[in-house]
>>> print(open('structure18.txt').read())   # compact mmCIF, C-alpha atoms
# COMPACT_ATOMS: atom_id res chain seq x y z
CA MET A 14 -237.57 -101.12 194.80
CA SER A 15 -239.73 -100.55 191.74
CA ARG A 16 -243.49 -100.55 192.29
CA HIS A 17 -243.91 -102.03 188.85
CA ARG A 18 -244.03 -105.79 188.26
CA HIS A 19 -245.35 -105.88 184.73
CA ILE A 20 -243.83 -102.82 183.07
CA ALA A 21 -240.40 -101.18 182.89
CA ILE A 22 -240.11 -97.43 182.33
CA THR A 23 -237.27 -95.43 180.84
CA GLU A 24 -237.34 -91.68 180.54
CA SER A 25 -236.31 -89.93 177.34
CA ALA A 26 -236.52 -86.13 177.73
CA ASN A 27 -240.11 -85.68 178.95
CA ILE A 28 -241.28 -88.90 177.30
CA SER A 29 -241.90 -92.13 179.20
CA VAL A 30 -241.04 -95.26 177.24
CA VAL A 31 -242.90 -98.20 178.76
CA GLN A 32 -241.98 -101.84 178.05
CA PHE A 33 -244.09 -104.80 179.04
CA THR A 34 -242.08 -107.31 181.04
CA ASP A 35 -244.42 -110.26 180.41
CA SER A 36 -244.31 -112.01 177.04
CA LYS A 37 -247.77 -113.54 177.48
CA ILE A 38 -250.48 -111.38 179.05
CA ILE A 39 -253.15 -113.93 179.88
CA ASP A 40 -253.85 -114.72 183.51
CA SER A 41 -256.38 -112.61 185.32
CA GLU A 42 -254.11 -111.52 188.19
CA THR A 43 -251.40 -110.32 185.80
CA ILE A 44 -253.97 -108.40 183.74
CA LEU A 45 -255.45 -106.77 186.84
CA GLU A 46 -252.03 -105.67 188.15
CA LEU A 47 -250.83 -104.58 184.72
CA GLY A 48 -253.93 -102.47 184.23
CA GLN A 49 -253.37 -100.68 187.52
CA GLU A 50 -249.69 -100.04 186.75
CA LEU A 51 -250.64 -98.50 183.40
CA PHE A 52 -253.46 -96.41 184.88
CA ASP A 53 -251.06 -95.08 187.55
CA LEU A 54 -248.86 -93.62 184.80
CA ILE A 55 -251.70 -91.23 184.03
CA GLU A 56 -253.60 -90.91 187.29
CA THR A 57 -250.76 -90.90 189.84
CA ASP A 58 -247.63 -89.91 187.91
CA GLN A 59 -249.52 -87.58 185.55
CA ARG A 60 -247.25 -88.47 182.64
CA LYS A 61 -248.20 -86.63 179.47
CA LYS A 62 -246.19 -88.40 176.76
CA ILE A 63 -246.08 -92.18 176.77
CA VAL A 64 -244.66 -94.68 174.31
CA LEU A 65 -245.96 -98.20 174.96
CA ASN A 66 -243.48 -100.66 173.43
CA PHE A 67 -244.86 -104.14 172.63
CA SER A 68 -241.58 -105.71 171.50
CA HIS A 69 -241.64 -108.30 174.34
CA VAL A 70 -245.32 -109.18 173.92
CA GLU A 71 -246.02 -112.47 172.13
CA PHE A 72 -249.65 -112.97 173.19
CA LEU A 73 -252.44 -111.08 174.91
CA SER A 74 -256.06 -111.99 175.59
CA SER A 75 -259.22 -109.96 175.11
CA ALA A 76 -259.18 -109.19 178.85
CA ALA A 77 -255.80 -107.50 178.35
CA LEU A 78 -257.25 -105.58 175.39
CA GLY A 79 -259.89 -104.24 177.76
CA LYS A 80 -257.16 -102.75 179.96
CA LEU A 81 -255.44 -101.18 176.94
CA ILE A 82 -258.72 -99.59 175.86
CA THR A 83 -259.32 -98.16 179.34
CA PHE A 84 -255.70 -96.95 179.46
CA ASP A 85 -256.09 -95.23 176.09
CA LYS A 86 -259.34 -93.63 177.26
CA LYS A 87 -257.75 -92.36 180.49
CA ALA A 88 -254.83 -90.92 178.50
CA LYS A 89 -257.13 -89.05 176.12
CA ARG A 90 -259.21 -87.72 179.01
CA ALA A 91 -256.03 -86.42 180.70
CA ASN A 92 -254.76 -84.89 177.44
CA ALA A 93 -251.80 -87.24 177.52
CA GLU A 94 -250.32 -88.56 174.29
CA LEU A 95 -250.06 -92.34 174.03
CA ILE A 96 -248.38 -94.12 171.13
CA MET A 97 -248.07 -97.89 170.82
CA THR A 98 -245.04 -99.31 168.98
CA ASN A 99 -243.13 -102.45 167.98
CA ILE A 100 -246.27 -104.51 167.58
CA SER A 101 -245.79 -108.01 166.15
CA PRO A 102 -247.86 -109.02 163.09
CA GLU A 103 -249.96 -111.35 165.27
CA ILE A 104 -250.75 -108.71 167.90
CA PHE A 105 -251.47 -106.22 165.13
CA GLN A 106 -253.93 -108.74 163.68
CA VAL A 107 -255.67 -108.78 167.08
CA PHE A 108 -255.98 -104.98 166.90
CA ALA A 109 -257.16 -105.12 163.30
CA ILE A 110 -259.83 -107.79 163.91
CA THR A 111 -261.27 -105.75 166.76
CA ASN A 112 -260.85 -102.40 164.91
CA LEU A 113 -258.61 -101.13 167.68
CA ASP A 114 -256.03 -100.14 165.08
CA LYS A 115 -258.47 -97.28 164.39
CA LEU A 116 -258.73 -96.30 168.07
CA PHE A 117 -255.07 -96.53 169.12
CA GLN A 118 -252.25 -94.37 167.83
CA ILE A 119 -249.71 -96.86 166.47
CA LYS A 120 -246.21 -96.43 165.05
CA ASP A 121 -243.79 -99.05 163.74
CA SER A 122 -240.92 -98.26 166.09
CA GLU A 123 -240.00 -96.41 169.27
CA ALA A 124 -237.92 -94.00 167.16
CA ASP A 125 -240.96 -93.21 165.00
CA ALA A 126 -242.99 -92.44 168.12
CA LEU A 127 -240.28 -90.31 169.72
CA ALA A 128 -240.01 -88.30 166.51
CA VAL A 129 -243.63 -87.13 166.70
CA LEU A 130 -243.97 -86.60 170.47
CA MET B 58 -260.53 -131.59 151.93
CA THR B 59 -258.76 -134.80 152.98
CA ILE B 60 -258.52 -135.43 156.70
CA SER B 61 -255.04 -136.49 157.73
CA PRO B 62 -254.71 -140.08 159.01
CA LEU B 63 -252.38 -138.66 161.67
CA THR B 64 -255.27 -137.04 163.57
CA ARG B 65 -254.82 -137.09 167.35
CA THR B 66 -257.70 -136.62 169.79
CA VAL B 67 -257.34 -134.91 173.16
CA GLU B 68 -260.19 -134.62 175.68
CA ARG B 69 -260.13 -132.85 179.01
CA SER B 70 -262.56 -131.76 181.70
CA LEU B 71 -261.24 -128.50 183.17
CA PRO B 72 -262.13 -126.91 186.52
CA SER B 73 -264.02 -123.60 186.51
CA SER B 74 -261.03 -121.57 187.64
CA LEU B 75 -259.23 -118.73 185.91
CA ALA B 76 -256.23 -119.30 188.18
CA GLY B 77 -254.28 -120.90 185.39
CA GLY B 78 -254.97 -124.65 185.12
CA TYR B 79 -256.51 -124.28 181.69
CA ILE B 80 -253.51 -122.32 180.43
CA GLU B 81 -251.29 -125.42 180.82
CA PHE B 82 -253.85 -127.42 178.86
CA ILE B 83 -253.72 -124.91 176.01
CA GLN B 84 -249.92 -125.09 176.06
CA GLN B 85 -250.17 -128.88 175.70
CA ILE B 86 -252.37 -128.48 172.60
CA LEU B 87 -249.95 -125.95 171.11
CA SER B 88 -246.99 -128.26 171.78
CA GLU B 89 -248.74 -131.12 169.98
CA LEU B 90 -249.58 -128.92 166.98
CA LEU B 91 -245.97 -127.72 166.95
CA GLU B 92 -244.90 -131.36 166.65
CA PHE B 93 -247.24 -131.63 163.67
CA GLY B 94 -245.30 -128.78 162.07
CA TRP B 95 -247.69 -125.89 162.71
CA ARG B 96 -246.08 -122.45 162.41
CA GLN B 97 -246.06 -119.87 165.19
CA HIS B 98 -248.44 -117.57 163.30
CA ASP B 99 -251.09 -120.30 163.08
CA LEU B 100 -250.48 -121.45 166.66
CA PHE B 101 -251.21 -117.89 167.78
CA GLY B 102 -254.71 -118.16 166.31
CA VAL B 103 -255.34 -121.51 168.00
CA GLN B 104 -254.10 -120.14 171.32
CA MET B 105 -256.37 -117.11 170.97
CA ALA B 106 -259.46 -119.20 170.15
CA LEU B 107 -258.86 -121.68 172.99
CA GLU B 108 -258.01 -118.93 175.49
CA GLU B 109 -261.16 -116.97 174.68
CA THR B 110 -263.56 -119.93 174.50
CA ILE B 111 -262.34 -121.67 177.64
CA SER B 112 -262.09 -118.49 179.71
CA ASN B 113 -265.56 -117.45 178.49
CA GLY B 114 -266.90 -120.86 179.55
CA ILE B 115 -265.32 -120.50 182.99
CA ARG B 116 -266.25 -116.83 183.53
CA HIS B 117 -269.58 -116.32 181.75
CA GLY B 118 -270.87 -119.90 181.33
CA ASN B 119 -270.02 -121.57 184.62
CA LYS B 120 -269.63 -118.26 186.49
CA GLU B 121 -266.53 -119.76 188.15
CA ASP B 122 -268.76 -122.24 190.03
CA PRO B 123 -266.30 -124.86 191.37
CA SER B 124 -268.94 -127.59 191.04
CA LYS B 125 -269.04 -127.10 187.25
CA ARG B 126 -266.54 -128.09 184.59
CA VAL B 127 -265.58 -126.97 181.08
CA HIS B 128 -265.37 -129.93 178.71
CA VAL B 129 -262.92 -129.70 175.83
CA GLN B 130 -262.48 -132.09 172.94
CA CYS B 131 -259.77 -131.42 170.36
CA GLN B 132 -258.71 -133.11 167.17
CA LEU B 133 -255.27 -132.22 165.91
CA SER B 134 -253.53 -132.98 162.66
CA PRO B 135 -250.85 -131.45 160.43
CA ASN B 136 -253.40 -129.35 158.55
CA ARG B 137 -256.50 -129.13 160.74
CA PHE B 138 -257.40 -128.03 164.28
CA TRP B 139 -260.91 -128.89 165.48
CA ALA B 140 -262.28 -128.31 168.99
CA ARG B 141 -265.60 -128.45 170.80
CA ILE B 142 -265.82 -126.57 174.12
CA ARG B 143 -268.88 -127.03 176.33
CA ASP B 144 -269.59 -125.39 179.68
CA GLU B 145 -272.32 -126.30 182.18
CA GLY B 146 -274.02 -122.90 182.13
CA LYS B 147 -277.33 -121.79 180.65
CA GLY B 148 -275.77 -120.69 177.38
CA PHE B 149 -276.21 -117.43 175.49
CA LEU B 150 -277.31 -116.09 172.11
CA PRO B 151 -274.20 -115.10 170.17
CA GLY B 152 -276.29 -112.62 168.17
CA SER B 153 -277.21 -110.78 171.38
CA VAL B 154 -273.61 -109.72 172.07
CA PRO B 155 -273.04 -106.11 170.90
CA ASP B 156 -270.68 -105.72 167.95
CA CYS B 157 -267.48 -104.61 169.67
CA CYS B 158 -266.01 -103.59 166.34
CA ALA B 159 -268.69 -101.00 165.60
CA VAL B 160 -267.37 -97.45 165.84
CA GLU B 161 -269.77 -96.53 168.65
CA ASN B 162 -268.56 -99.52 170.72
CA LEU B 163 -264.83 -99.22 170.12
CA GLU B 164 -264.15 -97.74 173.54
CA ALA B 165 -266.17 -100.35 175.43
CA PRO B 166 -263.60 -102.37 177.39
CA GLY B 167 -265.28 -105.78 176.99
CA GLY B 168 -266.82 -108.10 174.42
CA ARG B 169 -263.91 -108.70 172.07
CA GLY B 170 -263.43 -112.42 172.69
CA LEU B 171 -266.08 -113.57 170.19
CA ALA B 172 -264.70 -111.33 167.44
CA LEU B 173 -261.22 -112.74 168.01
CA ILE B 174 -262.46 -116.34 167.96
CA ARG B 175 -264.21 -115.72 164.63
CA GLY B 176 -261.26 -113.78 163.29
CA PHE B 177 -258.67 -116.48 163.90
CA MET B 178 -260.72 -119.59 163.07
CA THR B 179 -261.87 -120.84 159.67
CA LYS B 180 -265.29 -121.94 160.96
CA VAL B 181 -267.18 -121.30 164.21
CA SER B 182 -270.60 -122.60 165.28
CA TYR B 183 -272.69 -122.89 168.44
CA ASN B 184 -275.24 -125.38 169.69
CA GLU B 185 -278.84 -124.25 170.07
CA CYS B 186 -278.66 -123.09 173.68
CA GLY B 187 -275.23 -121.50 173.25
CA ASN B 188 -273.22 -123.36 175.90
CA CYS B 189 -271.17 -125.31 173.36
CA ILE B 190 -268.95 -123.84 170.66
CA THR B 191 -267.25 -125.71 167.84
CA LEU B 192 -264.07 -124.36 166.26
CA GLU B 193 -262.19 -125.37 163.17
CA LYS B 194 -259.01 -124.02 161.59
CA LEU B 195 -257.82 -125.35 158.26
CA LEU B 196 -254.30 -124.42 157.28
CA ASN B 197 -254.97 -124.36 153.56
CA ALA B 198 -258.14 -122.29 153.91
CA GLU B 199 -258.25 -118.69 152.85
CA ASP B 200 -257.09 -116.27 155.47
CA THR B 201 -259.29 -115.29 158.43
CA GLY B 202 -262.39 -113.13 158.23
CA ALA B 203 -264.01 -114.10 154.93
CA SER B 204 -265.58 -117.44 155.83
CA ASN B 205 -266.65 -117.09 159.43
CA SER B 206 -270.36 -117.51 158.82
CA ARG B 207 -269.92 -121.09 157.71
CA THR B 208 -270.87 -123.86 160.09
CA ALA B 209 -268.09 -125.95 161.57
CA SER B 210 -268.22 -129.54 160.39
CA PRO B 211 -268.55 -132.54 162.73
CA PRO B 212 -265.45 -134.38 163.89
CA PRO B 213 -264.07 -136.95 161.48
CA LYS B 214 -264.95 -140.59 162.15
>>> encode(input="structure18.txt", output="structure tokens")
Amino acid sequence: MSRHRHIAITESANISVVQFTDSKIIDSETILELGQELFDLIETDQRKKIVLNFSHVEFLSSAALGKLITFDKKAKRANAELIMTNISPEIFQVFAITNLDKLFQIKDSEADALAVL
Amino acid sequence: MTISPLTRTVERSLPSSLAGGYIEFIQQILSELLEFGWRQHDLFGVQMALEETISNGIRHGNKEDPSKRVHVQCQLSPNRFWARIRDEGKGFLPGSVPDCCAVENLEAPGGRGLALIRGFMTKVSYNECGNCITLEKLLNAEDTGASNSRTASPPPK
């Protein structure tokens, strides 16, 4: 059985494509577990190329943003490449308001990300 | 602007728990605005502002003390969302919160709630001690970001 409750991973060559399984990332328990599942991709699995696909995500809170920032930081520290894709206009507005669009590497689609990894 | 005669008022006293009770309340507000014809894009902003203000009140204001409540008053209409959220904590100085959007703070994991509230609302203001925030979103206002320093107006009579 998968050890992941909040993400689904598919492998494409040596690239891990990660989908969120929750459409709304709000409650504190979900955010805590999701954070750990993301961190494990770097710290336990030692994945080096990750595409984080937001196509299922309709809403996320600032607490969830905190986990994404920590995840991005852990990836950079481990010399892993992390690209976020398929971000809705509303979620992109969240990134833009908080200037995270300048911190995160973002591409329109999964194909765009796979092309540069 | 003209206040719609269709304005509906909703008041609720919420427990100081992040376990989820307040999330259902926010969904109720969104459902009522949806009935007023609000679009998903605008509902997203309302959801963000309510999520961040109420969870801040529970977490930072009331410090999840079960003896304290978060008091929410909303006024809803086809073109205006107004809300006042008050916790029972000591309050805070909004100006004392570091600017999370500054380049040197971009990697700090916390402190983005206030920026999101301001970003998605037309007007935001606080009471003097900082334990009560007033939000307003006008659908025919200019887009977010340009007018956040204005003071939210009182509820319509």
>>> interface_residues(input="structure18.txt", of="chain A", to="chain B", cutoff="10 Å", atoms="all atoms listed in the file", output="ChimeraX atom specification")
/A:39-42,71-86,102-104,106-113,115-116
>>> write_last_selection(input="structure18.txt", atoms="C-alpha atoms", output="short mmCIF file (atom, residue, chain, number, x, y, z; two decimals), keeping the file's coordinate frame")
data_model
loop_
_atom_site.label_atom_id
_atom_site.label_comp_id
_atom_site.auth_asym_id
_atom_site.auth_seq_id
_atom_site.Cartn_x
_atom_site.Cartn_y
_atom_site.Cartn_z
CA ILE A 39 -253.15 -113.93 179.88
CA ASP A 40 -253.85 -114.72 183.51
CA SER A 41 -256.38 -112.61 185.32
CA GLU A 42 -254.11 -111.52 188.19
CA GLU A 71 -246.02 -112.47 172.13
CA PHE A 72 -249.65 -112.97 173.19
CA LEU A 73 -252.44 -111.08 174.91
CA SER A 74 -256.06 -111.99 175.59
CA SER A 75 -259.22 -109.96 175.11
CA ALA A 76 -259.18 -109.19 178.85
CA ALA A 77 -255.80 -107.50 178.35
CA LEU A 78 -257.25 -105.58 175.39
CA GLY A 79 -259.89 -104.24 177.76
CA LYS A 80 -257.16 -102.75 179.96
CA LEU A 81 -255.44 -101.18 176.94
CA ILE A 82 -258.72 -99.59 175.86
CA THR A 83 -259.32 -98.16 179.34
CA PHE A 84 -255.70 -96.95 179.46
CA ASP A 85 -256.09 -95.23 176.09
CA LYS A 86 -259.34 -93.63 177.26
CA PRO A 102 -247.86 -109.02 163.09
CA GLU A 103 -249.96 -111.35 165.27
CA ILE A 104 -250.75 -108.71 167.90
CA GLN A 106 -253.93 -108.74 163.68
CA VAL A 107 -255.67 -108.78 167.08
CA PHE A 108 -255.98 -104.98 166.90
CA ALA A 109 -257.16 -105.12 163.30
CA ILE A 110 -259.83 -107.79 163.91
CA THR A 111 -261.27 -105.75 166.76
CA ASN A 112 -260.85 -102.40 164.91
CA LEU A 113 -258.61 -101.13 167.68
CA LYS A 115 -258.47 -97.28 164.39
CA LEU A 116 -258.73 -96.30 168.07
#
>>> residues_around(input="structure18.txt", residues="segment 136-147 of chain B", least_positions_apart="6", cutoff="6 Å", atoms="all atoms listed in the file", output="list in words")
Gly114, Gly118, Asn119, Val127, His128, Val129, Gln130, Asn188, Cys189, Ile190, Thr191, Leu192, Glu193, Lys194, Leu195 and Leu196 of chain B
>>> residues_around(input="structure18.txt", residues="Phe82 of chain B", least_positions_apart="4", cutoff="10 Å", atoms="all atoms listed in the file", output="number ranges by chain")
B: 69, 71, 77-78, 86-88, 107, 129
>>> axis_aligned_box(input="structure18.txt", around="segment 187-198 of chain B", padding_each_side="5 Å", output="AutoDock Vina command-line options")
--center_x -264.8 --center_y -123.6 --center_z 164.7 --size_x 30.9 --size_y 14.2 --size_z 32.3
>>> atom_distance(input="structure18.txt", atom1="atom CA of Gln132 of chain B", atom2="atom CA of Thr66 of chain B")
4.5 Å
>>> atom_distance(input="structure18.txt", atom1="atom CA of Glu46 of chain A", atom2="atom CA of Arg116 of chain B")
18.7 Å
>>> residues_around(input="structure18.txt", residues="Lys62 of chain A", least_positions_apart="5", cutoff="9 Å", atoms="all atoms listed in the file", output="short mmCIF file (atom, residue, chain, number, x, y, z; two decimals) with C-alpha atoms, in the frame of the given file")
data_model
loop_
_atom_site.label_atom_id
_atom_site.label_comp_id
_atom_site.auth_asym_id
_atom_site.auth_seq_id
_atom_site.Cartn_x
_atom_site.Cartn_y
_atom_site.Cartn_z
CA ASN A 27 -240.11 -85.68 178.95
CA ILE A 28 -241.28 -88.90 177.30
CA SER A 29 -241.90 -92.13 179.20
CA VAL A 30 -241.04 -95.26 177.24
CA ALA A 93 -251.80 -87.24 177.52
CA GLU A 94 -250.32 -88.56 174.29
CA LEU A 95 -250.06 -92.34 174.03
CA ILE A 96 -248.38 -94.12 171.13
CA LEU A 130 -243.97 -86.60 170.47
#
>>> atom_distance(input="structure18.txt", atom1="atom CA of Ser153 of chain B", atom2="atom CA of Cys186 of chain B")
12.6 Å
>>> closest_residue(input="structure18.txt", among="A:Ala26, A:Thr43, A:Val129, A:Ala91", to="Asp58 of chain A", atoms="all atoms listed in the file")
A:Ala91
>>> closest_residue(input="structure18.txt", among="A:Gln32, A:Gln118, A:Ser25, A:Gln59", to="Lys87 of chain A", atoms="only C-alpha atoms")
A:Gln59
>>> closest_residue(input="structure18.txt", among="B:Ser73, B:Lys180, B:Glu92, B:Gly187", to="Lys125 of chain B", atoms="only C-alpha atoms")
B:Ser73
>>> residues_around(input="structure18.txt", residues="segment 68-70 of chain A", least_positions_apart="6", cutoff="8 Å", atoms="all atoms listed in the file", output="VMD selection string")
chain A and resid 32 to 38 98 to 101
>>> closest_residue(input="structure18.txt", among="B:Glu161, B:Pro135, B:Glu68, B:Thr179", to="Arg96 of chain B", atoms="only C-alpha atoms")
B:Pro135
